>>> print(open('final33.tsv').read())   # TSV, C-alpha atoms and all ligand atoms
chain	number	residue	atom	x	y	z
R	1	MET	CA	18.17	-15.45	-19.64
R	2	PRO	CA	14.88	-13.79	-18.53
R	3	THR	CA	14.16	-10.38	-20.05
R	4	GLU	CA	14.88	-7.64	-17.54
R	5	TRP	CA	12.37	-5.13	-18.92
R	6	LEU	CA	9.13	-5.25	-20.87
R	7	SER	CA	7.91	-2.29	-22.85
R	8	GLY	CA	4.57	-0.97	-21.59
R	9	THR	CA	2.24	1.80	-22.72
R	10	VAL	CA	0.41	4.21	-20.42
R	11	ILE	CA	-3.37	3.79	-20.76
R	12	GLU	CA	-4.40	6.31	-18.12
R	13	ASN	CA	-2.87	8.65	-15.57
R	14	HIS	CA	-5.56	9.46	-13.03
R	15	HIS	CA	-4.83	12.42	-10.74
R	16	TRP	CA	-6.51	12.21	-7.35
R	17	THR	CA	-4.88	15.36	-5.91
R	18	ASP	CA	-1.93	17.61	-6.85
R	19	GLN	CA	0.39	14.97	-5.42
R	20	LEU	CA	-1.36	11.63	-5.82
R	21	TYR	CA	-1.89	9.77	-9.08
R	22	SER	CA	-2.56	6.25	-10.39
R	23	LEU	CA	-0.91	5.01	-13.57
R	24	ARG	CA	-2.51	2.30	-15.64
R	25	ILE	CA	-0.13	0.52	-17.97
R	26	HIS	CA	-0.80	-1.91	-20.80
R	27	ALA	CA	1.91	-4.57	-20.57
R	28	PRO	CA	0.99	-8.14	-21.50
R	29	GLY	CA	3.17	-10.86	-20.03
R	30	VAL	CA	3.72	-9.38	-16.56
R	31	THR	CA	3.12	-11.89	-13.75
R	32	PHE	CA	2.91	-11.36	-9.99
R	33	GLU	CA	1.16	-12.44	-6.80
R	34	ALA	CA	-1.26	-10.00	-5.14
R	35	GLY	CA	0.68	-7.86	-2.64
R	36	GLN	CA	3.94	-7.95	-4.60
R	37	PHE	CA	5.69	-5.03	-6.28
R	38	GLY	CA	7.08	-4.61	-9.76
R	39	ARG	CA	9.67	-2.14	-11.01
R	40	LEU	CA	8.85	0.81	-13.25
R	41	ALA	CA	11.55	2.66	-15.17
R	42	LEU	CA	12.08	5.58	-17.54
R	43	ASP	CA	15.14	6.46	-19.57
R	44	ILE	CA	16.28	9.82	-18.30
R	45	GLY	CA	19.32	11.17	-20.15
R	46	GLU	CA	21.76	8.28	-20.46
R	47	GLU	CA	20.33	6.46	-17.48
R	48	ARG	CA	17.43	4.09	-16.88
R	49	ILE	CA	15.92	5.15	-13.53
R	50	ALA	CA	13.91	2.37	-11.86
R	51	ARG	CA	11.89	2.19	-8.65
R	52	PRO	CA	9.66	-0.44	-7.01
R	53	TYR	CA	5.86	0.05	-7.03
R	54	SER	CA	3.17	-2.27	-5.62
R	55	PHE	CA	0.56	-3.65	-8.00
R	56	VAL	CA	-2.92	-2.28	-7.22
R	57	ASN	CA	-4.73	-4.53	-9.70
R	58	PRO	CA	-5.27	-8.23	-9.06
R	59	PRO	CA	-3.09	-10.70	-11.05
R	60	ASP	CA	-4.11	-12.12	-14.45
R	61	SER	CA	-4.81	-8.87	-16.20
R	62	ASP	CA	-3.08	-7.28	-19.17
R	63	SER	CA	-3.16	-3.79	-17.70
R	64	HIS	CA	-1.43	-2.96	-14.43
R	65	GLU	CA	-2.11	-0.16	-11.98
R	66	PHE	CA	0.28	1.65	-9.64
R	67	TYR	CA	-0.63	4.26	-7.02
R	68	SER	CA	2.03	6.90	-6.41
R	69	ILE	CA	2.83	10.21	-4.76
R	70	ILE	CA	5.06	12.94	-6.16
R	71	VAL	CA	8.12	13.23	-4.00
R	72	PRO	CA	9.49	16.73	-4.60
R	73	GLU	CA	12.95	16.37	-6.16
R	74	GLY	CA	12.55	12.59	-6.37
R	75	PRO	CA	14.01	11.53	-9.74
R	76	LEU	CA	11.24	9.17	-10.88
R	77	SER	CA	7.92	9.96	-9.20
R	78	SER	CA	7.55	13.47	-10.66
R	79	ARG	CA	8.34	12.12	-14.16
R	80	LEU	CA	5.82	9.30	-13.82
R	81	GLU	CA	3.24	11.86	-12.76
R	82	ALA	CA	3.75	13.76	-16.03
R	83	LEU	CA	3.15	10.74	-18.28
R	84	ASN	CA	0.15	10.75	-20.61
R	85	GLU	CA	-1.91	8.14	-22.41
R	86	GLY	CA	0.21	6.53	-25.14
R	87	ASP	CA	3.59	7.23	-23.47
R	88	ALA	CA	6.11	4.40	-23.19
R	89	ILE	CA	7.35	3.02	-19.87
R	90	TRP	CA	9.55	0.09	-18.83
R	91	ILE	CA	8.10	-2.51	-16.47
R	92	SER	CA	9.73	-5.57	-14.93
R	93	PRO	CA	8.21	-8.86	-16.16
R	94	GLN	CA	7.73	-10.40	-12.70
R	95	GLY	CA	6.47	-9.26	-9.34
R	96	VAL	CA	8.72	-9.74	-6.33
R	97	GLY	CA	8.47	-9.60	-2.57
R	98	PHE	CA	7.05	-11.47	0.39
R	99	PHE	CA	4.22	-9.07	1.26
R	100	VAL	CA	1.67	-11.64	0.11
R	101	LEU	CA	-1.05	-13.65	1.84
R	102	SER	CA	0.69	-16.93	0.99
R	103	GLU	CA	3.33	-15.86	3.55
R	104	VAL	CA	0.74	-14.92	6.21
R	105	PRO	CA	-0.61	-17.66	8.51
R	106	ASP	CA	-4.34	-18.33	8.85
R	107	SER	CA	-6.21	-16.63	11.70
R	108	ASP	CA	-9.66	-15.37	12.64
R	109	SER	CA	-8.96	-11.79	11.70
R	110	LEU	CA	-6.67	-9.88	9.38
R	111	TRP	CA	-5.56	-6.27	9.91
R	112	LEU	CA	-4.41	-4.43	6.76
R	113	LEU	CA	-2.79	-1.22	8.03
R	114	SER	CA	-1.48	1.43	5.63
R	115	THR	CA	-0.31	5.00	5.35
R	116	GLY	CA	-0.50	7.00	2.11
R	117	THR	CA	0.25	5.01	-1.03
R	118	GLY	CA	0.74	1.89	1.14
R	119	LEU	CA	-2.96	1.25	0.54
R	120	GLY	CA	-2.18	-0.12	-2.95
R	121	PRO	CA	-1.16	-3.75	-2.33
R	122	TYR	CA	-4.23	-4.37	-0.18
R	123	LEU	CA	-6.50	-3.40	-3.07
R	124	SER	CA	-4.82	-6.11	-5.10
R	125	ILE	CA	-5.05	-8.70	-2.30
R	126	LEU	CA	-8.72	-7.87	-1.59
R	127	ARG	CA	-9.61	-8.49	-5.23
R	128	THR	CA	-8.47	-12.13	-5.02
R	129	ALA	CA	-10.46	-15.02	-3.53
R	130	ASP	CA	-7.93	-15.96	-0.85
R	131	PRO	CA	-8.62	-13.45	1.97
R	132	TRP	CA	-12.35	-14.12	1.99
R	133	LYS	CA	-11.78	-17.86	2.39
R	134	ARG	CA	-9.09	-17.65	5.05
R	135	TYR	CA	-10.12	-14.83	7.45
R	136	LYS	CA	-13.49	-14.33	9.11
R	137	LYS	CA	-12.98	-10.59	9.57
R	138	ILE	CA	-10.76	-8.12	7.74
R	139	ALA	CA	-10.08	-4.48	8.63
R	140	LEU	CA	-8.67	-2.20	5.92
R	141	VAL	CA	-7.08	0.84	7.55
R	142	HIS	CA	-5.88	3.85	5.52
R	143	ALA	CA	-4.08	6.68	7.34
R	144	VAL	CA	-3.45	9.97	5.56
R	145	ARG	CA	-2.64	13.57	6.42
R	146	TYR	CA	-5.69	15.18	4.77
R	147	ALA	CA	-9.19	13.87	3.96
R	148	ARG	CA	-8.71	14.49	0.19
R	149	GLU	CA	-6.00	11.80	0.30
R	150	LEU	CA	-8.54	9.10	1.21
R	151	THR	CA	-8.47	7.73	-2.33
R	152	TYR	CA	-10.04	4.66	-4.00
R	153	ARG	CA	-13.28	5.19	-2.03
R	154	ASP	CA	-15.52	3.81	-4.82
R	155	LEU	CA	-13.56	0.59	-5.10
R	156	ILE	CA	-13.44	0.21	-1.30
R	157	GLU	CA	-17.19	0.83	-1.09
R	158	GLU	CA	-17.76	-1.85	-3.73
R	159	LEU	CA	-15.63	-4.31	-1.73
R	160	THR	CA	-17.42	-3.54	1.53
R	161	GLN	CA	-20.78	-4.04	-0.19
R	162	GLN	CA	-19.62	-7.38	-1.62
R	163	HIS	CA	-18.25	-8.56	1.73
R	164	LYS	CA	-20.52	-6.80	4.24
R	165	GLU	CA	-20.03	-9.37	7.00
R	166	GLN	CA	-16.28	-9.59	6.61
R	167	LEU	CA	-14.76	-6.24	5.64
R	168	THR	CA	-14.53	-3.02	7.67
R	169	TYR	CA	-12.88	0.10	6.21
R	170	ILE	CA	-11.36	2.52	8.71
R	171	PRO	CA	-9.87	5.82	7.53
R	172	PHE	CA	-7.52	7.98	9.64
R	173	VAL	CA	-6.95	11.67	8.97
R	174	SER	CA	-4.15	13.21	11.03
R	175	ARG	CA	-3.89	16.90	10.07
R	176	GLU	CA	-7.50	18.10	9.96
R	177	SER	CA	-10.78	16.89	11.41
R	178	SER	CA	-12.82	14.70	9.12
R	179	ASP	CA	-16.25	13.14	9.64
R	180	GLY	CA	-16.14	9.37	9.90
R	181	ALA	CA	-12.35	9.19	10.13
R	182	LEU	CA	-10.33	8.45	13.24
R	183	ALA	CA	-8.01	11.30	14.27
R	184	GLY	CA	-4.25	11.04	14.80
R	185	ARG	CA	-1.97	8.10	14.06
R	186	ILE	CA	-2.40	4.32	13.94
R	187	PRO	CA	-0.14	3.37	16.90
R	188	ALA	CA	-1.86	5.83	19.26
R	189	ALA	CA	-5.26	4.42	18.31
R	190	ILE	CA	-4.04	0.87	18.91
R	191	GLU	CA	-2.65	1.85	22.30
R	192	ASP	CA	-5.81	3.59	23.53
R	193	GLY	CA	-8.12	0.91	22.08
R	194	ARG	CA	-9.92	3.18	19.55
R	195	LEU	CA	-8.95	1.10	16.53
R	196	ALA	CA	-9.97	-2.27	18.01
R	197	GLU	CA	-13.23	-0.72	19.21
R	198	ARG	CA	-14.01	0.72	15.76
R	199	ALA	CA	-13.22	-2.56	13.93
R	200	GLN	CA	-14.68	-4.82	16.60
R	201	MET	CA	-11.52	-6.89	16.26
R	202	ALA	CA	-8.62	-7.42	18.68
R	203	PHE	CA	-4.84	-7.28	18.25
R	204	ASP	CA	-4.58	-10.74	19.70
R	205	SER	CA	-1.60	-13.04	19.05
R	206	GLU	CA	-3.86	-16.11	19.08
R	207	ARG	CA	-6.46	-14.79	16.66
R	208	ALA	CA	-5.08	-11.96	14.52
R	209	GLN	CA	-2.62	-11.38	11.70
R	210	VAL	CA	-1.38	-7.85	10.98
R	211	MET	CA	0.05	-6.50	7.71
R	212	LEU	CA	1.71	-3.05	7.72
R	213	CYS	CA	2.59	-1.03	4.63
R	214	GLY	CA	3.83	2.47	3.79
R	215	ASN	CA	5.75	4.99	5.88
R	216	PRO	CA	8.72	3.18	7.50
R	217	GLU	CA	8.31	5.07	10.76
R	218	MET	CA	4.68	3.96	11.02
R	219	VAL	CA	5.78	0.40	10.24
R	220	GLN	CA	8.51	0.60	12.89
R	221	ASP	CA	6.42	2.31	15.60
R	222	THR	CA	3.42	0.03	15.08
R	223	SER	CA	5.54	-3.13	14.96
R	224	SER	CA	7.29	-2.32	18.22
R	225	LEU	CA	3.98	-1.52	19.92
R	226	LEU	CA	2.49	-4.81	18.70
R	227	ARG	CA	5.57	-6.71	19.88
R	228	ASN	CA	5.06	-5.17	23.33
R	229	MET	CA	1.48	-6.47	23.15
R	230	GLY	CA	2.75	-10.05	22.60
R	231	LEU	CA	2.67	-10.32	18.79
R	232	ALA	CA	5.80	-11.40	16.90
R	233	ARG	CA	7.34	-10.68	13.54
R	234	ASN	CA	6.25	-13.20	10.90
R	235	ARG	CA	9.19	-15.07	9.37
R	236	ARG	CA	9.27	-18.18	7.22
R	237	SER	CA	11.50	-19.88	9.81
R	238	ALA	CA	9.36	-18.71	12.74
R	239	PRO	CA	5.78	-17.78	11.86
R	240	GLY	CA	4.39	-14.81	13.77
R	241	GLN	CA	1.67	-12.21	13.35
R	242	ILE	CA	3.40	-9.08	11.93
R	243	THR	CA	4.20	-8.88	8.19
R	244	THR	CA	5.63	-5.60	6.87
R	245	GLU	CA	6.52	-3.60	3.75
R	246	SER	CA	8.32	-0.25	4.05
R	247	TYR	CA	8.29	2.11	1.07
R	248	TRP	CA	11.49	4.00	1.90
P	301	LIG	C1	8.96	-2.48	-1.90
P	301	LIG	C2	8.59	-1.07	-2.29
P	301	LIG	C3	7.35	-0.81	-2.88
P	301	LIG	C4	6.98	0.50	-3.19
P	301	LIG	N1	5.73	0.73	-3.71
P	301	LIG	C5	5.34	2.02	-3.90
P	301	LIG	C6	4.02	2.31	-4.35
P	301	LIG	O1	3.21	1.42	-4.63
P	301	LIG	N2	3.67	3.63	-4.49
P	301	LIG	C7	4.56	4.64	-4.21
P	301	LIG	O2	4.18	5.82	-4.32
P	301	LIG	N3	5.80	4.38	-3.82
P	301	LIG	C8	6.22	3.12	-3.67
P	301	LIG	N4	7.50	2.87	-3.28
P	301	LIG	C9	8.45	4.01	-3.27
P	301	LIG	C10	8.94	4.24	-4.71
P	301	LIG	O3	9.75	3.16	-5.12
P	301	LIG	C11	9.77	5.53	-4.88
P	301	LIG	O4	10.76	5.60	-3.89
P	301	LIG	C12	8.90	6.79	-4.85
P	301	LIG	O5	7.95	6.78	-5.90
P	301	LIG	C13	9.75	8.05	-5.02
P	301	LIG	O6	10.56	7.89	-6.16
P	301	LIG	P1	11.57	9.04	-6.57
P	301	LIG	O7	12.55	8.50	-7.55
P	301	LIG	O8	10.80	10.24	-7.03
P	301	LIG	O9	12.31	9.42	-5.20
P	301	LIG	P2	13.24	8.50	-4.29
P	301	LIG	O10	14.64	8.97	-4.44
P	301	LIG	O11	12.99	7.05	-4.58
P	301	LIG	O12	12.66	8.81	-2.85
P	301	LIG	C14	13.01	9.99	-2.14
P	301	LIG	C15	12.27	10.08	-0.82
P	301	LIG	O13	10.86	10.17	-1.04
P	301	LIG	C16	10.11	9.70	0.08
P	301	LIG	N5	9.16	8.66	-0.42
P	301	LIG	C17	9.44	7.61	-1.25
P	301	LIG	N6	8.33	6.90	-1.53
P	301	LIG	C18	7.32	7.51	-0.88
P	301	LIG	C19	5.92	7.25	-0.79
P	301	LIG	N7	5.35	6.20	-1.43
P	301	LIG	N8	5.16	8.07	-0.03
P	301	LIG	C20	5.72	9.11	0.61
P	301	LIG	N9	7.04	9.43	0.56
P	301	LIG	C21	7.83	8.64	-0.16
P	301	LIG	C22	11.15	9.15	1.04
P	301	LIG	O14	11.42	10.15	1.98
P	301	LIG	C23	12.35	8.89	0.13
P	301	LIG	O15	13.56	8.89	0.83
P	301	LIG	C24	7.90	1.57	-2.96
P	301	LIG	C25	9.15	1.30	-2.41
P	301	LIG	C26	9.49	0.01	-2.06
P	301	LIG	C27	10.86	-0.24	-1.44
P	302	LIG	N1	0.56	14.76	1.63
P	302	LIG	C1	0.92	15.97	1.23
P	302	LIG	O1	0.15	16.94	1.24
P	302	LIG	C2	2.32	16.19	0.69
P	302	LIG	C3	2.69	17.48	0.34
P	302	LIG	C4	3.97	17.68	-0.14
P	302	LIG	C5	4.83	16.62	-0.28
P	302	LIG	N2	4.45	15.37	0.06
P	302	LIG	C6	5.42	14.28	-0.10
P	302	LIG	O2	4.91	13.06	0.34
P	302	LIG	C7	5.68	12.56	1.43
P	302	LIG	C8	4.74	12.16	2.53
P	302	LIG	O3	3.84	11.18	2.07
P	302	LIG	P1	2.38	11.07	2.68
P	302	LIG	O4	1.56	12.25	2.37
P	302	LIG	O5	1.91	9.71	2.32
P	302	LIG	O6	2.66	11.27	4.21
P	302	LIG	P2	3.22	10.47	5.43
P	302	LIG	O7	4.18	11.39	6.11
P	302	LIG	O8	3.68	9.09	5.16
P	302	LIG	O9	1.86	10.46	6.27
P	302	LIG	C9	0.76	9.61	6.03
P	302	LIG	C10	0.13	9.28	7.36
P	302	LIG	O10	1.08	8.55	8.14
P	302	LIG	C11	1.17	9.14	9.42
P	302	LIG	N3	2.47	8.87	10.04
P	302	LIG	C12	3.65	9.48	9.79
P	302	LIG	N4	4.60	8.98	10.62
P	302	LIG	C13	4.00	8.05	11.40
P	302	LIG	C14	4.45	7.21	12.45
P	302	LIG	N5	5.71	7.22	12.86
P	302	LIG	N6	3.55	6.39	13.02
P	302	LIG	C15	2.27	6.37	12.62
P	302	LIG	N7	1.78	7.15	11.65
P	302	LIG	C16	2.64	7.99	11.03
P	302	LIG	C17	0.94	10.61	9.18
P	302	LIG	O11	0.59	11.25	10.40
P	302	LIG	P3	1.10	12.75	10.74
P	302	LIG	O12	0.27	13.67	9.93
P	302	LIG	O13	0.86	12.83	12.21
P	302	LIG	O14	2.56	12.84	10.39
P	302	LIG	C18	-0.19	10.55	8.18
P	302	LIG	O15	-1.42	10.36	8.81
P	302	LIG	C19	6.58	13.63	1.89
P	302	LIG	O16	7.82	13.05	2.24
P	302	LIG	C20	6.65	14.50	0.68
P	302	LIG	O17	7.72	14.05	-0.13
P	302	LIG	C21	3.20	15.15	0.56
>>> encode(input="final33.tsv", output="structure tokens")
Amino acid sequence: MPTEWLSGTVIENHHWTDQLYSLRIHAPGVTFEAGQFGRLALDIGEERIARPYSFVNPPDSDSHEFYSIIVPEGPLSSRLEALNEGDAIWISPQGVGFFVLSEVPDSDSLWLLSTGTGLGPYLSILRTADPWKRYKKIALVHAVRYARELTYRDLIEELTQQHKEQLTYIPFVSRESSDGALAGRIPAAIEDGRLAERAQMAFDSERAQVMLCGNPEMVQDTSSLLRNMGLARNRRSAPGQITTESYW
């Protein structure tokens, strides 16, 4: 029978803001495909509390990174936030889920749309060879409430430098004005053409694939808008253009 849990050790807990943090965990033997999530767990009282978290690191590494937000009164996220270097944590041995490029058809362009911590799986995917071989243009979109929540900027800058012709990074900040960021929400900027204009890419059923990750209402609202524009949900039995992952 496969082991349900591996024992990991926290290497680093990086705090980006009061609410946002990234945990790096040493746990040899964990396998996954970029875009998938694993489960993290802590023993709290008599219970083992587990939740899914997307891998931020690319596969084939002994340490694994997870990007999380503290949910006030959430049983696990606030405890993960308090972990320090050397602390023990449980991690599932295998990644799971279909939010992976091997499930996404080829096309000219690839939209990677996220809110909040939904940025994470794209940072794993973009550090593999696959996207750069299969899509001519890629837009990485990160929508947050406040500019300070536009995290992982150094890594994103490195990726855009490495793939100047292919990758465009587009931040959104919805609750304050921020230089260089689009204002408001993703669906509104698709509807009025601001997002396509900024990326110089279209939401076109013949030429684009769209991945959506994070806030379930964003995933829902954006998917239904895209369906009205002629795109279809991507299923194994009926390939389409919209592939989604909702975090709650
Ligand atoms: C497939 C999958 C992958 C996930 N990957 C991640 C990840 O990489 N990073 C991450 O932070 N979370 C991720 N989550 C959410 C995560 O599993 C937990 O739900 C979250 O960390 C809160 O845990 P909790 O026990 O404190 O509260 P919970 O009881 O699990 O959640 C309570 C409430 O918190 C809110 N919430 C949950 N997750 C988030 C979030 N990410 N951002 C904003 N509000 C949220 C929702 O309103 C939810 O109902 C993922 C969820 C799923 C289903
Ligand atoms: N971020 C914080 O400062 C903060 C503070 C306290 C607690 N929290 C905790 O974190 C959770 C929120 O996580 P988060 O900060 O990642 O925020 P979020 O509510 O998921 O917002 C992230 C981005 O998604 C946008 N969005 C929300 N609903 C959308 C929709 N239907 N369509 C398109 N875009 C949409 C938001 O725009 P809008 O701004 O227009 O909603 C924002 O730009 C809360 O539930 C709370 O538990 C966060």
>>> closest_residue(input="final33.tsv", among="R:Ala188, R:Asp221, R:Trp248, R:Leu150", to="Val71 in chain R", atoms="all atoms listed in the file")
R:Trp248
>>> closest_residue(input="final33.tsv", among="R:Thr160, R:Gln241, R:Asn215, R:Ser61", to="ligand LIG 301 (chain P)", atoms="only C-alpha atoms and all ligand atoms")
R:Asn215
>>> closest_atom_pairs(input="final33.tsv", of="chain R", to="ligand LIG 301 (chain P)", cutoff="10 Å", atoms="all atoms listed in the file", output="CSV")
residue,atom,partner,partner_atom,distance
R:Gln19,CA,P:LIG301,C20,10.0
R:Leu20,CA,P:LIG301,O2,8.2
R:Tyr21,CA,P:LIG301,O2,8.7
R:Ser22,CA,P:LIG301,N2,9.0
R:Gly35,CA,P:LIG301,C3,9.7
R:Gln36,CA,P:LIG301,C1,7.9
R:Phe37,CA,P:LIG301,C3,5.7
R:Gly38,CA,P:LIG301,C3,7.9
R:Arg39,CA,P:LIG301,O3,7.9
R:Leu40,CA,P:LIG301,O3,8.5
R:Ala41,CA,P:LIG301,O7,9.7
R:Ile49,CA,P:LIG301,O7,7.6
R:Ala50,CA,P:LIG301,O7,7.6
R:Arg51,CA,P:LIG301,O3,4.2
R:Pro52,CA,P:LIG301,O3,4.1
R:Tyr53,CA,P:LIG301,N1,3.4
R:Ser54,CA,P:LIG301,O1,3.8
R:Phe55,CA,P:LIG301,O1,6.6
R:Val56,CA,P:LIG301,O1,7.6
R:Glu65,CA,P:LIG301,O1,9.2
R:Phe66,CA,P:LIG301,O1,5.8
R:Tyr67,CA,P:LIG301,N2,5.0
R:Ser68,CA,P:LIG301,O2,3.2
R:Ile69,CA,P:LIG301,O2,4.6
R:Ile70,CA,P:LIG301,O8,6.4
R:Val71,CA,P:LIG301,O8,5.0
R:Pro72,CA,P:LIG301,O8,7.1
R:Glu73,CA,P:LIG301,O8,6.6
R:Gly74,CA,P:LIG301,O8,3.0
R:Pro75,CA,P:LIG301,O7,4.0
R:Leu76,CA,P:LIG301,O7,3.6
R:Ser77,CA,P:LIG301,O8,3.6
R:Ser78,CA,P:LIG301,O8,5.8
R:Arg79,CA,P:LIG301,O8,7.8
R:Leu80,CA,P:LIG301,O8,8.5
R:Glu81,CA,P:LIG301,O8,9.6
R:Val96,CA,P:LIG301,C1,8.5
R:Gly97,CA,P:LIG301,C1,7.2
R:Phe98,CA,P:LIG301,C1,9.5
R:Phe99,CA,P:LIG301,C1,8.7
R:Thr115,CA,P:LIG301,N8,8.3
R:Gly116,CA,P:LIG301,N8,6.1
R:Thr117,CA,P:LIG301,N2,5.1
R:Gly118,CA,P:LIG301,O1,6.3
R:Leu119,CA,P:LIG301,O1,8.1
R:Gly120,CA,P:LIG301,O1,5.9
R:Pro121,CA,P:LIG301,O1,7.1
R:Cys213,CA,P:LIG301,C3,8.9
R:Gly214,CA,P:LIG301,N7,6.6
R:Asn215,CA,P:LIG301,C20,6.7
R:Pro216,CA,P:LIG301,C22,9.1
R:Thr244,CA,P:LIG301,C1,9.9
R:Glu245,CA,P:LIG301,C1,6.3
R:Ser246,CA,P:LIG301,C27,6.0
R:Tyr247,CA,P:LIG301,C25,3.7
R:Trp248,CA,P:LIG301,C17,5.2
>>> atom_distance(input="final33.tsv", atom1="CA of Arg233 in chain R", atom2="CA of Ala189 in chain R")
20.2 Å
>>> closest_residue(input="final33.tsv", among="R:Leu110, R:Leu159, R:Val30, R:Ala143", to="ligand LIG 302 (chain P)", atoms="all atoms listed in the file")
R:Ala143
>>> closest_residue(input="final33.tsv", among="R:Asp106, R:Glu149, R:Glu206, R:Glu165", to="ligand LIG 302 (chain P)", atoms="only C-alpha atoms and all ligand atoms")
R:Glu149
>>> closest_residue(input="final33.tsv", among="R:Ile125, R:Leu112, R:Leu23, R:Ala147", to="ligand LIG 302 (chain P)", atoms="only C-alpha atoms and all ligand atoms")
R:Ala147
>>> closest_residue(input="final33.tsv", among="R:Val10, R:Pro59, R:Pro187, R:Tyr122", to="Gln220 in chain R", atoms="only C-alpha atoms")
R:Pro187
>>> atom_distance(input="final33.tsv", atom1="CA of Glu46 in chain R", atom2="CA of Leu83 in chain R")
18.9 Å
>>> atom_distance(input="final33.tsv", atom1="CA of Val144 in chain R", atom2="CA of Thr17 in chain R")
12.8 Å
>>> axis_aligned_box(input="final33.tsv", around="range 150-161 of chain R", padding_each_side="3 Å", output="lines of an AutoDock Vina configuration file")
center_x = -14.6
center_y = 2.4
center_z = -1.8
size_x = 18.3
size_y = 19.4
size_z = 12.6
>>> decode(input="final33.tsv", residues="range 34-78 of chain R", atoms="C-alpha atoms", output="mmCIF file, in the first residue's frame")
data_model
loop_
_atom_site.group_PDB
_atom_site.id
_atom_site.type_symbol
_atom_site.label_atom_id
_atom_site.label_comp_id
_atom_site.auth_asym_id
_atom_site.auth_seq_id
_atom_site.Cartn_x
_atom_site.Cartn_y
_atom_site.Cartn_z
ATOM 1 C CA ALA R 34 3.923 21.027 -12.638
ATOM 2 C CA GLY R 35 0.512 22.583 -11.913
ATOM 3 C CA GLN R 36 -0.590 19.851 -9.508
ATOM 4 C CA PHE R 37 -1.238 20.194 -5.790
ATOM 5 C CA GLY R 38 -0.044 18.165 -2.840
ATOM 6 C CA ARG R 39 -1.521 17.924 0.645
ATOM 7 C CA LEU R 40 0.091 19.447 3.724
ATOM 8 C CA ALA R 41 -0.928 18.413 7.222
ATOM 9 C CA LEU R 42 -0.224 19.112 10.883
ATOM 10 C CA ASP R 43 -1.283 17.133 13.925
ATOM 11 C CA ILE R 44 -3.492 19.442 15.926
ATOM 12 C CA GLY R 45 -4.729 17.899 19.179
ATOM 13 C CA GLU R 46 -5.867 14.379 18.325
ATOM 14 C CA GLU R 47 -6.487 15.216 14.692
ATOM 15 C CA ARG R 48 -4.366 15.410 11.557
ATOM 16 C CA ILE R 49 -5.622 18.490 9.665
ATOM 17 C CA ALA R 50 -4.796 18.385 5.944
ATOM 18 C CA ARG R 51 -5.391 20.807 3.075
ATOM 19 C CA PRO R 52 -4.402 20.912 -0.615
ATOM 20 C CA TYR R 53 -1.675 23.343 -1.748
ATOM 21 C CA SER R 54 -0.254 23.819 -5.266
ATOM 22 C CA PHE R 55 3.458 23.221 -5.798
ATOM 23 C CA VAL R 56 5.286 26.449 -6.694
ATOM 24 C CA ASN R 57 8.617 24.751 -7.454
ATOM 25 C CA PRO R 58 9.173 22.727 -10.612
ATOM 26 C CA PRO R 59 9.268 18.901 -10.259
ATOM 27 C CA ASP R 60 12.475 16.939 -9.578
ATOM 28 C CA SER R 61 13.629 18.835 -6.544
ATOM 29 C CA ASP R 62 14.055 17.670 -2.960
ATOM 30 C CA SER R 63 12.592 20.831 -1.478
ATOM 31 C CA HIS R 64 9.042 21.930 -2.201
ATOM 32 C CA GLU R 65 7.484 25.364 -2.021
ATOM 33 C CA PHE R 66 3.902 26.371 -1.250
ATOM 34 C CA TYR R 67 2.432 29.887 -1.387
ATOM 35 C CA SER R 68 -0.341 30.557 1.107
ATOM 36 C CA ILE R 69 -2.538 33.185 2.707
ATOM 37 C CA ILE R 70 -3.697 33.254 6.326
ATOM 38 C CA VAL R 71 -7.417 32.739 6.414
ATOM 39 C CA PRO R 72 -8.593 34.185 9.738
ATOM 40 C CA GLU R 73 -10.059 31.327 11.788
ATOM 41 C CA GLY R 74 -9.022 28.793 9.143
ATOM 42 C CA PRO R 75 -7.719 25.737 11.029
ATOM 43 C CA LEU R 76 -4.556 25.085 9.005
ATOM 44 C CA SER R 77 -3.335 28.221 7.222
ATOM 45 C CA SER R 78 -2.665 30.244 10.395
#
